[in-house]
There are 2 protein chains.
Amino acid sequence: MVLTSEHVKYFKDLLGGNSAVIDGLSRDATEDLEAFNSDWMRKYKGKTKLALKPESTEEVSKVLKYCNDKMLAVVPQGGNSGLVGGSVPVYDEIVINLSRMNKIRSFDEVSGILVVDAGVILEVADNFLAEKNHIFPLDLGAKGSCQIGGNIATNAGGLRLLRYGSLHGNVLGIEAVLPDGTIMDDLSKLRKNNTGYDIKQLFIGGEGTIGIVTGVSVLCPQRSKAVNVAFFGLESYENVQMAYREAKGQLSEILSAFELMDGHSQNMLHAVSQKKRPLEGQHPFYCLVETSGSNIDHDGEKLEAFLEHVMGEEIVSDGVLAQDESQKLSLWSWREGITECLGHWGGVYKYDLSIPLPELYSLVEDTRERLTSAGLIGESDDYPVVGVVGYGHMGDSNLHLNIATRRFDKEVERKLEPFVYEWIAKRNGSISAEHGLGLAKKAFIGYSRSHDMIRLMRQIKNLYDPVSQFKCQFASGAANDKSAEWNHESL
Amino acid sequence: MVLTSEHVKYFKDLLGGNSAVIDGLSRDATEDLEAFNSDWMRKYKGKTKLALKPESTEEVSKVLKYCNDKMLAVVPQGGNSGLVGGSVPVYDEIVINLSRMNKIRSFDEVSGILVVDAGVILEVADNFLAEKNHIFPLDLGAKGSCQIGGNIATNAGGLRLLRYGSLHGNVLGIEAVLPDGTIMDDLSKLRKNNTGYDIKQLFIGGEGTIGIVTGVSVLCPQRSKAVNVAFFGLESYENVQMAYREAKGQLSEILSAFELMDGHSQNMLHAVSQKKRPLEGQHPFYCLVETSGSNIDHDGEKLEAFLEHVMGEEIVSDGVLAQDESQKLSLWSWREGITECLGHWGGVYKYDLSIPLPELYSLVEDTRERLTSAGLIGESDDYPVVGVVGYGHMGDSNLHLNIATRRFDKEVERKLEPFVYEWIAKRNGSISAEHGLGLAKKAFIGYSRSHDMIRLMRQIKNLYDPVSQFKCQFASGAANDKSAEWNHESL
């Protein structure tokens with residue numbers, strides 16, 4: 001259905017004041033709607049004429065029911081920090097933005113259970129928890145803008161997964177609104193509840209295709225008294241694997257991050273930032289190791305023993321240990337700053353992949369080799385590609401393969417796809433480890449999922465959103481932070 | 001449909017040798033079928049005439065497809081160690097027993113990912129992992145007989161959940177056979193895979209109502225070098241809560257269990273076992289605290305500081321620290337031995353509940369008071385009830401309320417139900433924290449789940465097992481270790 005002024009009037013009556021309804025139908029609101037229509041990478045761009053900002057679960061319910069009845073297509077949106085084009089309209093879907101649902105509902109200091117509105121920004125929650133001596137069990141670069149509902153909807157992974165596990169384990173309850181307006185109240189504050197199917201799990205990583213997450217209950221660990229950060233240079237990927245094994249064995253329960261960055265990524269970060277490098281010399285590989293524990297002395301001893309071992313055995317060539325908070329942040333910036341710096345020359349082709357550990361870095365080498373022999377990489381403006389870099393969460397076998405370019409280029413694209421996906425499929429990896437499918441990966445799900453699994457997913461979609469079968473391709477859906485067009489099209 | 005010799009012939013041709021088909025139709029196999037027809041508590045008893053023991057996923061698939069086509073009711077069975085009557089036939093359903101699917105498929109020492117057949121016994125897997133310096137992320141009293149497939153199907157909680165989290169986080173992949181025979185191959189060995197709905201989650205805790213789990217991929221942590229066990233006597237439940245808070249704060253990342261046992265449970269255990277008690281005096285409450293870490297000295301120091309603090313502050317009245325392996329086992333026996341000893345006098349009414357921590361023990365007191373004032377508890381044979389005890393997993397807010405009786409008694413039952421369930425519902429607790437619904441709790445799901453949630457569950461059941469709609473009440477289903485009659489009846 002096409003949006004009419006009658007529809008807009010309904011929403012204005014329902015949601016009240018102008019701030020809740022950004023109406024591009026009756027006036028020129030192109031500028032106001034710009035932020036809702038495009039993602040932060042400026043890669044995906046929609047043409048919505050209407051953005052709604054409901055303030056309560058009941059308002060979300062009424063909006064969705066109305067849209068479902070009137071067959072109006074919608075796309076849910078959280079912090080709009082996704083990397084796969086899932087949180088912006090593709091055509092003219094109505095944007096349902098959760099940012100006004102931003103209340104912390106409750107926190108229990110003994111159990112560590114936090115209940116929040118979906119629109120609470122991750123960093124806001126983590127700062128709140130810091131005061132209570134706890135942390136959110138998830139951390140990622142976009143924490144200053146991403147919303148918890150979007151994190152849940154996309155099953156965000158991030159930097160602390162190695163230590164605290166996935167959201168499937170940490171999320172205790174979800175409140176969500178289904179496409180027909182039903183409020184699914186599964187906002188349990190219990191660590192254990194074996195009374196029937198754990199339906200909320202479908203909404204974790206469901207990318208909002210079967211409902212909009214409006215509230216979340218999550219188990220938060222205690223904040224560690226001691227946090228240490230070390231940064232290493234290594235001569236080969238073999239050594240990186242050895243260092244990881246040693247870290248797992250020796251740092252064990254205090255290991256909270258083991259991140260990999262290749263030399264290419266650090267060179268490019270240095271070229272853009274001009275910051276002083278953490279280590280004197282240069283190395284083909286770098287690792288960042290973080291420990292979090294309850295006893296400063298014990299952690300220090302463990303880390304020292306680990307450092308002595310990996311240096312003594314020449315597993316790592318050089319290393320530095322942060323001496324204070326600002327040094328910790330500085331070392332982390334050499335990992336967290338990569339994503340943003342790569343856009344410096346123009347655009348970035350981004351792949352977020354799960355690969356069995358022994359072969360994890362081979363894909364970066366194979367891709368670089370492939371683009372080099374095609375004559376696509378070079379230092380001058382004649383070449384579309386600036387560089388091919390690999391980094392990621394070693395502890396989760398999660399590689400970020402990024403190709404920094406001066407411009408998006410069809411020839412580069414033809415060299416990359418389906419090459420990368422076929423490479424992954426051959427090794428039973430995942431074509432999207434933590435970013436989700438969104439618009440970017442929806443056509444490629446078959447590289448990571450069998451025909452039968454896709455059929456089972458389609459069944460689930462049809463179960464919760466049967467009306468979309470009769471609507472246009474991108475109708476309804478309902479998602480947080482990443483909509484789920486993949487479901488309509490690819491499944 | 002009624003089972004005929006033609007059906008039995010099909011299964012014999014399919015599964016081969018006699019050991020795979022225990023046929024009570026053409027011969028008197030009552031004794032052989034006894035083990036399949038009754039649970040270990042001897043509380044539930046079925047009347048099956050046929051038990052099948054398939055050896056492969058393909059065989060399970062063919063069995064289920066045939067049963068589905070012929071409308072033959074089935075009940076899946078693992079180690080048959082469940083506590084809610086979910087793994088035995090209710091009427092004459094065919095038992096599909098997984099015990100012959102007992103192969104360890106693979107283990108990766110770097111990632112810690114184990115892949116097993118569903119019929120592998122938990123202790124067998126844990127012993128295998130011990131040799132590889134890892135542990136299974138789940139431990140429970142029945143480990144010597146329960147099967148991993150059943151653990152997954154019932155979302156078993158157990159003793160290590162506090163440290164390692166729930167199976168929803170640790171299970172990476174599941175292979176299952178759906179009622180129509182479809183093999184769902186979602187046996188991922190990836191820690192991260194955000195490509196669509198995480199459908200396998202429905203099978204974790206689904207009690208086999210939508211498919212039989214045949215294979216499992218699970219993330220296993222490294223085995224701790226240092227394990228310590230302490231046992232405390234405390235004067236009040238207030239003190240127990242304080243001790244738990246201190247343990248969380250001070251033992252932090254090495255805390256691996258915090259178990260609660262009331263004085264009543266320890267007195268009864270002592271009366272039955274006649275073993276020497278761990279502590280000299282008697283106390284109204286006891287706790288068992290376990291730590292697991294990578295450094296013996298560090299863990300010892302942390303534990304010592306914790307002991308000094310809780311003894312100095314008089315939070316605990318007395319305590320003992322195990323000095324060797326046999327003392328550790330001995331202390332654990334005062335927790336793990338409770339379940340079995342309570343059956344000594346006759347039967348046990350068992351409740352497995354999630355309750356917000358501050359009120360957790362009040363239910364035991366309220367129940368004891370209620371049965372006492374009704375004149376039902378006493379030392380002589382005239383009284384049906386021997387005692388009311390409370391114990392459980394403090395760290396998970398999970399209470400086991402047990403009423404030991406000399407005989408099952410209608411008056412006791414009327415005093416207990418719906419009283420216990422109403423008490424729980426009032427506090428938004430769970431009527432089944434870790435045991436599942438099975439046959440025992442199926443009628444009471446409404447005390448822990450809303451009408452809407454039950455409706456959504458019924459949808460899921462219908463999606464995977466539509467044929468059962470047209471069969472008798474207990475038809476089809478398909479579950480591991482606990483079947484899911486609750487779904488047919490209560491939902």
# chains A, B, ... in the order shown; residues from 1 in each chain; ligands from 1

call {"tool": "select_by_dssp", "arguments": {"residues": "stretch 300-411 of chain A", "states": "helix (DSSP H, G or I)", "output": "compact mmCIF listing (two decimals) with N, CA and C atoms, in the first residue's frame"}}
result
# COMPACT_ATOMS: atom_id res chain seq x y z
N GLY A 300 48.55 -9.70 37.65
CA GLY A 300 49.86 -9.23 37.24
C GLY A 300 50.86 -10.38 37.14
N GLU A 301 50.83 -11.24 38.15
CA GLU A 301 51.74 -12.40 38.15
C GLU A 301 51.46 -13.33 36.98
N LYS A 302 50.20 -13.60 36.75
CA LYS A 302 49.84 -14.50 35.65
C LYS A 302 50.30 -13.92 34.31
N LEU A 303 50.05 -12.62 34.15
CA LEU A 303 50.39 -11.98 32.89
C LEU A 303 51.91 -11.95 32.71
N GLU A 304 52.63 -11.69 33.79
CA GLU A 304 54.08 -11.65 33.73
C GLU A 304 54.63 -13.01 33.30
N ALA A 305 54.12 -14.06 33.93
CA ALA A 305 54.56 -15.42 33.59
C ALA A 305 54.27 -15.72 32.11
N PHE A 306 53.11 -15.28 31.67
CA PHE A 306 52.74 -15.48 30.27
C PHE A 306 53.69 -14.73 29.34
N LEU A 307 53.97 -13.48 29.68
CA LEU A 307 54.85 -12.65 28.85
C LEU A 307 56.25 -13.27 28.78
N GLU A 308 56.76 -13.65 29.95
CA GLU A 308 58.08 -14.28 29.98
C GLU A 308 58.12 -15.50 29.07
N HIS A 309 57.08 -16.30 29.15
CA HIS A 309 57.04 -17.52 28.36
C HIS A 309 57.01 -17.23 26.85
N VAL A 310 56.08 -16.39 26.43
CA VAL A 310 55.94 -16.16 24.98
C VAL A 310 57.11 -15.37 24.39
N MET A 311 57.75 -14.52 25.23
CA MET A 311 58.94 -13.81 24.76
C MET A 311 60.14 -14.78 24.77
N GLY A 312 60.28 -15.51 25.85
CA GLY A 312 61.39 -16.45 25.98
C GLY A 312 61.39 -17.50 24.87
N GLU A 325 45.35 3.74 32.61
CA GLU A 325 44.11 3.75 31.84
C GLU A 325 44.29 4.32 30.45
N SER A 326 45.04 5.41 30.36
CA SER A 326 45.15 6.07 29.05
C SER A 326 45.97 5.20 28.09
N GLN A 327 46.96 4.48 28.62
CA GLN A 327 47.71 3.57 27.75
C GLN A 327 46.83 2.41 27.29
N LYS A 328 45.95 1.96 28.17
CA LYS A 328 45.03 0.88 27.77
C LYS A 328 44.16 1.33 26.60
N LEU A 329 43.59 2.51 26.76
CA LEU A 329 42.73 3.04 25.69
C LEU A 329 43.53 3.21 24.40
N SER A 330 44.76 3.68 24.56
CA SER A 330 45.60 3.91 23.40
C SER A 330 45.88 2.58 22.67
N LEU A 331 46.21 1.53 23.42
CA LEU A 331 46.45 0.24 22.77
C LEU A 331 45.17 -0.28 22.09
N TRP A 332 44.06 -0.14 22.79
CA TRP A 332 42.79 -0.58 22.19
C TRP A 332 42.47 0.18 20.90
N SER A 333 42.91 1.45 20.84
CA SER A 333 42.58 2.25 19.65
C SER A 333 43.23 1.68 18.39
N TRP A 334 44.32 0.91 18.57
CA TRP A 334 44.95 0.28 17.40
C TRP A 334 44.15 -0.91 16.90
N ARG A 335 43.20 -1.35 17.69
CA ARG A 335 42.27 -2.39 17.24
C ARG A 335 40.94 -1.77 16.84
N GLU A 336 40.40 -0.94 17.74
CA GLU A 336 39.05 -0.42 17.52
C GLU A 336 39.00 0.64 16.43
N ILE A 338 40.42 0.57 13.52
CA ILE A 338 40.63 0.09 12.14
C ILE A 338 39.42 0.36 11.25
N THR A 339 38.24 -0.04 11.74
CA THR A 339 37.03 0.05 10.92
C THR A 339 36.87 1.44 10.31
N GLU A 340 37.00 2.45 11.16
CA GLU A 340 36.75 3.81 10.70
C GLU A 340 37.84 4.29 9.74
N CYS A 341 39.11 3.99 10.06
CA CYS A 341 40.22 4.53 9.25
C CYS A 341 40.20 3.99 7.83
N LEU A 342 39.67 2.78 7.67
CA LEU A 342 39.72 2.17 6.33
C LEU A 342 38.86 2.90 5.31
N GLY A 343 37.92 3.67 5.81
CA GLY A 343 37.05 4.43 4.90
C GLY A 343 37.73 5.69 4.38
N HIS A 344 38.91 5.97 4.88
CA HIS A 344 39.63 7.21 4.56
C HIS A 344 39.79 7.48 3.07
N TRP A 345 40.03 6.40 2.29
CA TRP A 345 40.34 6.61 0.86
C TRP A 345 39.09 6.61 -0.03
N LEU A 357 40.11 -21.93 12.85
CA LEU A 357 41.29 -21.15 13.23
C LEU A 357 42.54 -21.38 12.37
N PRO A 358 42.90 -22.64 12.07
CA PRO A 358 44.16 -22.83 11.32
C PRO A 358 44.17 -22.14 9.96
N GLU A 359 43.00 -21.96 9.36
CA GLU A 359 42.94 -21.37 8.02
C GLU A 359 42.49 -19.92 8.02
N SER A 362 44.47 -17.38 5.99
CA SER A 362 44.73 -17.73 4.58
C SER A 362 43.81 -16.97 3.63
N LEU A 363 42.59 -16.70 4.07
CA LEU A 363 41.65 -16.00 3.19
C LEU A 363 42.15 -14.60 2.85
N VAL A 364 42.75 -13.94 3.83
CA VAL A 364 43.28 -12.59 3.58
C VAL A 364 44.39 -12.67 2.53
N GLU A 365 45.27 -13.64 2.70
CA GLU A 365 46.38 -13.80 1.75
C GLU A 365 45.86 -14.16 0.36
N ASP A 366 44.91 -15.08 0.32
CA ASP A 366 44.36 -15.49 -0.97
C ASP A 366 43.67 -14.33 -1.67
N THR A 367 42.93 -13.53 -0.90
CA THR A 367 42.22 -12.40 -1.50
C THR A 367 43.19 -11.33 -2.00
N ARG A 368 44.22 -11.07 -1.19
CA ARG A 368 45.21 -10.07 -1.58
C ARG A 368 45.92 -10.50 -2.87
N GLU A 369 46.29 -11.77 -2.90
CA GLU A 369 46.95 -12.35 -4.06
C GLU A 369 46.07 -12.23 -5.31
N ARG A 370 44.80 -12.51 -5.11
CA ARG A 370 43.85 -12.49 -6.22
C ARG A 370 43.70 -11.08 -6.82
N LEU A 371 43.59 -10.10 -5.94
CA LEU A 371 43.42 -8.72 -6.41
C LEU A 371 44.73 -8.16 -6.97
N THR A 372 45.85 -8.62 -6.39
CA THR A 372 47.15 -8.18 -6.89
C THR A 372 47.39 -8.72 -8.30
N SER A 373 47.14 -10.02 -8.49
CA SER A 373 47.42 -10.56 -9.82
C SER A 373 46.45 -10.02 -10.87
N MET A 394 40.18 -13.33 17.40
CA MET A 394 40.88 -14.62 17.31
C MET A 394 40.19 -15.69 18.15
N GLY A 395 39.82 -15.31 19.36
CA GLY A 395 39.22 -16.28 20.27
C GLY A 395 37.90 -16.83 19.80
N ASP A 396 37.24 -16.16 18.88
CA ASP A 396 35.96 -16.64 18.35
C ASP A 396 36.09 -17.14 16.92
N LYS A 410 33.26 -2.27 -10.12
CA LYS A 410 32.62 -3.52 -10.55
C LYS A 410 33.62 -4.66 -10.72
N GLU A 411 34.81 -4.30 -11.23
CA GLU A 411 35.80 -5.35 -11.47
C GLU A 411 36.29 -5.95 -10.15

call {"tool": "select_by_dssp", "arguments": {"residues": "stretch 10-185 of chain A", "states": "strand (DSSP E)", "output": "PyMOL selection string"}}
result
chain A and resi 21-23+50-52+74-77+94-97+104-108+113-117+171-177+183-185

call {"tool": "closest_atom_pairs", "arguments": {"of": "chain A", "to": "chain B", "cutoff": "6 Å", "atoms": "only C-alpha atoms", "output": "tab-separated table"}}
result
residue	atom	partner	partner_atom	distance
A:Ser166	CA	B:Gly169	CA	5.9
A:His168	CA	B:Gly169	CA	5.3
A:Gly169	CA	B:Gly169	CA	4.0
A:Arg191	CA	B:Asp396	CA	5.8
A:Lys192	CA	B:Ala433	CA	4.8
A:Asn193	CA	B:Ala433	CA	4.4
A:Asn194	CA	B:Gly436	CA	4.9
A:Thr195	CA	B:Gly436	CA	5.9
A:Tyr197	CA	B:Gly206	CA	5.2
A:Asp198	CA	B:Leu202	CA	5.9
A:Leu202	CA	B:Tyr197	CA	5.7
A:Gly206	CA	B:Tyr197	CA	5.2
A:Asp396	CA	B:Arg191	CA	5.8
A:Ser430	CA	B:Asn193	CA	5.5
A:Ser432	CA	B:Asn194	CA	5.4
A:Ala433	CA	B:Asn193	CA	4.4
A:Glu434	CA	B:Asn194	CA	5.4
A:Gly436	CA	B:Asn194	CA	4.9
A:Leu437	CA	B:Thr195	CA	5.9

call {"tool": "closest_residue", "arguments": {"among": "A:Leu178, A:Val467, A:Val116, A:Ala153", "to": "A:Gln77", "atoms": "only C-alpha atoms"}}
result
A:Ala153

call {"tool": "residues_around", "arguments": {"residues": "A:Pro284", "least_positions_apart": "3", "cutoff": "8 Å", "atoms": "only C-alpha atoms", "output": "list in words"}}
result
Gly233, Leu234, Glu235, Ser236, Asp262, Gly263 and His264 of chain A

call {"tool": "decode", "arguments": {"residues": "stretch 239-318 of chain A", "atoms": "C-alpha atoms", "output": "PDB file, in the first residue's frame"}}
result
ATOM      1  CA  ASN A 239      53.029 -17.719  16.012  1.00  0.00           C
ATOM      2  CA  VAL A 240      49.705 -15.942  16.511  1.00  0.00           C
ATOM      3  CA  GLN A 241      48.013 -19.328  16.928  1.00  0.00           C
ATOM      4  CA  MET A 242      50.684 -20.438  19.387  1.00  0.00           C
ATOM      5  CA  ALA A 243      50.305 -17.229  21.380  1.00  0.00           C
ATOM      6  CA  TYR A 244      46.532 -17.741  21.508  1.00  0.00           C
ATOM      7  CA  ARG A 245      46.924 -21.288  22.770  1.00  0.00           C
ATOM      8  CA  GLU A 246      49.334 -20.149  25.476  1.00  0.00           C
ATOM      9  CA  ALA A 247      47.041 -17.294  26.491  1.00  0.00           C
ATOM     10  CA  LYS A 248      44.099 -19.684  26.794  1.00  0.00           C
ATOM     11  CA  GLY A 249      46.155 -22.070  28.899  1.00  0.00           C
ATOM     12  CA  GLN A 250      48.023 -19.629  31.120  1.00  0.00           C
ATOM     13  CA  LEU A 251      45.631 -16.702  31.450  1.00  0.00           C
ATOM     14  CA  SER A 252      42.636 -19.000  31.461  1.00  0.00           C
ATOM     15  CA  GLU A 253      39.833 -17.543  33.612  1.00  0.00           C
ATOM     16  CA  ILE A 254      41.165 -13.968  33.419  1.00  0.00           C
ATOM     17  CA  LEU A 255      41.552 -13.816  29.621  1.00  0.00           C
ATOM     18  CA  SER A 256      38.906 -11.379  28.388  1.00  0.00           C
ATOM     19  CA  ALA A 257      40.041 -10.563  24.831  1.00  0.00           C
ATOM     20  CA  PHE A 258      42.474 -11.885  22.252  1.00  0.00           C
ATOM     21  CA  GLU A 259      42.353  -9.729  19.155  1.00  0.00           C
ATOM     22  CA  LEU A 260      44.279 -10.120  15.922  1.00  0.00           C
ATOM     23  CA  MET A 261      45.409  -7.273  13.637  1.00  0.00           C
ATOM     24  CA  ASP A 262      47.625  -7.801  10.613  1.00  0.00           C
ATOM     25  CA  GLY A 263      50.519  -5.477   9.757  1.00  0.00           C
ATOM     26  CA  HIS A 264      48.610  -4.055   6.772  1.00  0.00           C
ATOM     27  CA  SER A 265      45.768  -2.873   8.998  1.00  0.00           C
ATOM     28  CA  GLN A 266      48.205  -1.209  11.401  1.00  0.00           C
ATOM     29  CA  ASN A 267      50.128   0.477   8.582  1.00  0.00           C
ATOM     30  CA  MET A 268      46.939   1.938   7.180  1.00  0.00           C
ATOM     31  CA  LEU A 269      45.750   3.032  10.607  1.00  0.00           C
ATOM     32  CA  HIS A 270      49.122   4.703  11.117  1.00  0.00           C
ATOM     33  CA  ALA A 271      48.966   6.374   7.701  1.00  0.00           C
ATOM     34  CA  VAL A 272      45.587   7.898   8.559  1.00  0.00           C
ATOM     35  CA  SER A 273      46.035   8.702  12.255  1.00  0.00           C
ATOM     36  CA  GLN A 274      49.758   9.559  12.249  1.00  0.00           C
ATOM     37  CA  LYS A 275      49.774   8.422  15.863  1.00  0.00           C
ATOM     38  CA  LYS A 276      52.920   6.990  17.469  1.00  0.00           C
ATOM     39  CA  ARG A 277      52.932   3.197  17.097  1.00  0.00           C
ATOM     40  CA  PRO A 278      52.849   1.100  20.287  1.00  0.00           C
ATOM     41  CA  LEU A 279      55.987  -0.863  19.284  1.00  0.00           C
ATOM     42  CA  GLU A 280      59.259   0.343  17.797  1.00  0.00           C
ATOM     43  CA  GLY A 281      59.682  -2.090  14.923  1.00  0.00           C
ATOM     44  CA  GLN A 282      57.113  -3.374  12.459  1.00  0.00           C
ATOM     45  CA  HIS A 283      55.732  -6.890  12.314  1.00  0.00           C
ATOM     46  CA  PRO A 284      53.458  -8.826   9.954  1.00  0.00           C
ATOM     47  CA  PHE A 285      51.029  -9.557  12.820  1.00  0.00           C
ATOM     48  CA  TYR A 286      49.901  -7.931  16.050  1.00  0.00           C
ATOM     49  CA  CYS A 287      47.766  -9.151  18.928  1.00  0.00           C
ATOM     50  CA  LEU A 288      45.995  -7.374  21.712  1.00  0.00           C
ATOM     51  CA  VAL A 289      45.515  -9.414  24.868  1.00  0.00           C
ATOM     52  CA  GLU A 290      43.272  -8.221  27.680  1.00  0.00           C
ATOM     53  CA  THR A 291      42.841  -9.775  31.119  1.00  0.00           C
ATOM     54  CA  SER A 292      40.079  -8.987  33.613  1.00  0.00           C
ATOM     55  CA  GLY A 293      40.170 -10.359  37.125  1.00  0.00           C
ATOM     56  CA  SER A 294      39.425  -9.643  40.749  1.00  0.00           C
ATOM     57  CA  ASN A 295      42.957  -9.458  42.159  1.00  0.00           C
ATOM     58  CA  ILE A 296      45.516  -7.016  40.748  1.00  0.00           C
ATOM     59  CA  ASP A 297      48.550  -8.872  42.097  1.00  0.00           C
ATOM     60  CA  HIS A 298      47.415 -12.294  40.946  1.00  0.00           C
ATOM     61  CA  ASP A 299      46.557 -11.044  37.479  1.00  0.00           C
ATOM     62  CA  GLY A 300      49.865  -9.228  37.237  1.00  0.00           C
ATOM     63  CA  GLU A 301      51.737 -12.396  38.149  1.00  0.00           C
ATOM     64  CA  LYS A 302      49.838 -14.499  35.646  1.00  0.00           C
ATOM     65  CA  LEU A 303      50.392 -11.980  32.887  1.00  0.00           C
ATOM     66  CA  GLU A 304      54.081 -11.650  33.727  1.00  0.00           C
ATOM     67  CA  ALA A 305      54.565 -15.417  33.587  1.00  0.00           C
ATOM     68  CA  PHE A 306      52.737 -15.484  30.266  1.00  0.00           C
ATOM     69  CA  LEU A 307      54.853 -12.652  28.853  1.00  0.00           C
ATOM     70  CA  GLU A 308      58.082 -14.281  29.981  1.00  0.00           C
ATOM     71  CA  HIS A 309      57.038 -17.521  28.356  1.00  0.00           C
ATOM     72  CA  VAL A 310      55.942 -16.163  24.975  1.00  0.00           C
ATOM     73  CA  MET A 311      58.943 -13.811  24.758  1.00  0.00           C
ATOM     74  CA  GLY A 312      61.386 -16.455  25.983  1.00  0.00           C
ATOM     75  CA  GLU A 313      60.099 -18.994  23.490  1.00  0.00           C
ATOM     76  CA  GLU A 314      60.171 -16.324  20.786  1.00  0.00           C
ATOM     77  CA  ILE A 315      56.505 -16.853  20.052  1.00  0.00           C
ATOM     78  CA  VAL A 316      56.132 -13.074  20.134  1.00  0.00           C
ATOM     79  CA  SER A 317      58.906 -10.762  18.952  1.00  0.00           C
ATOM     80  CA  ASP A 318      58.075  -7.646  20.893  1.00  0.00           C
TER      81      ASP A 318
END
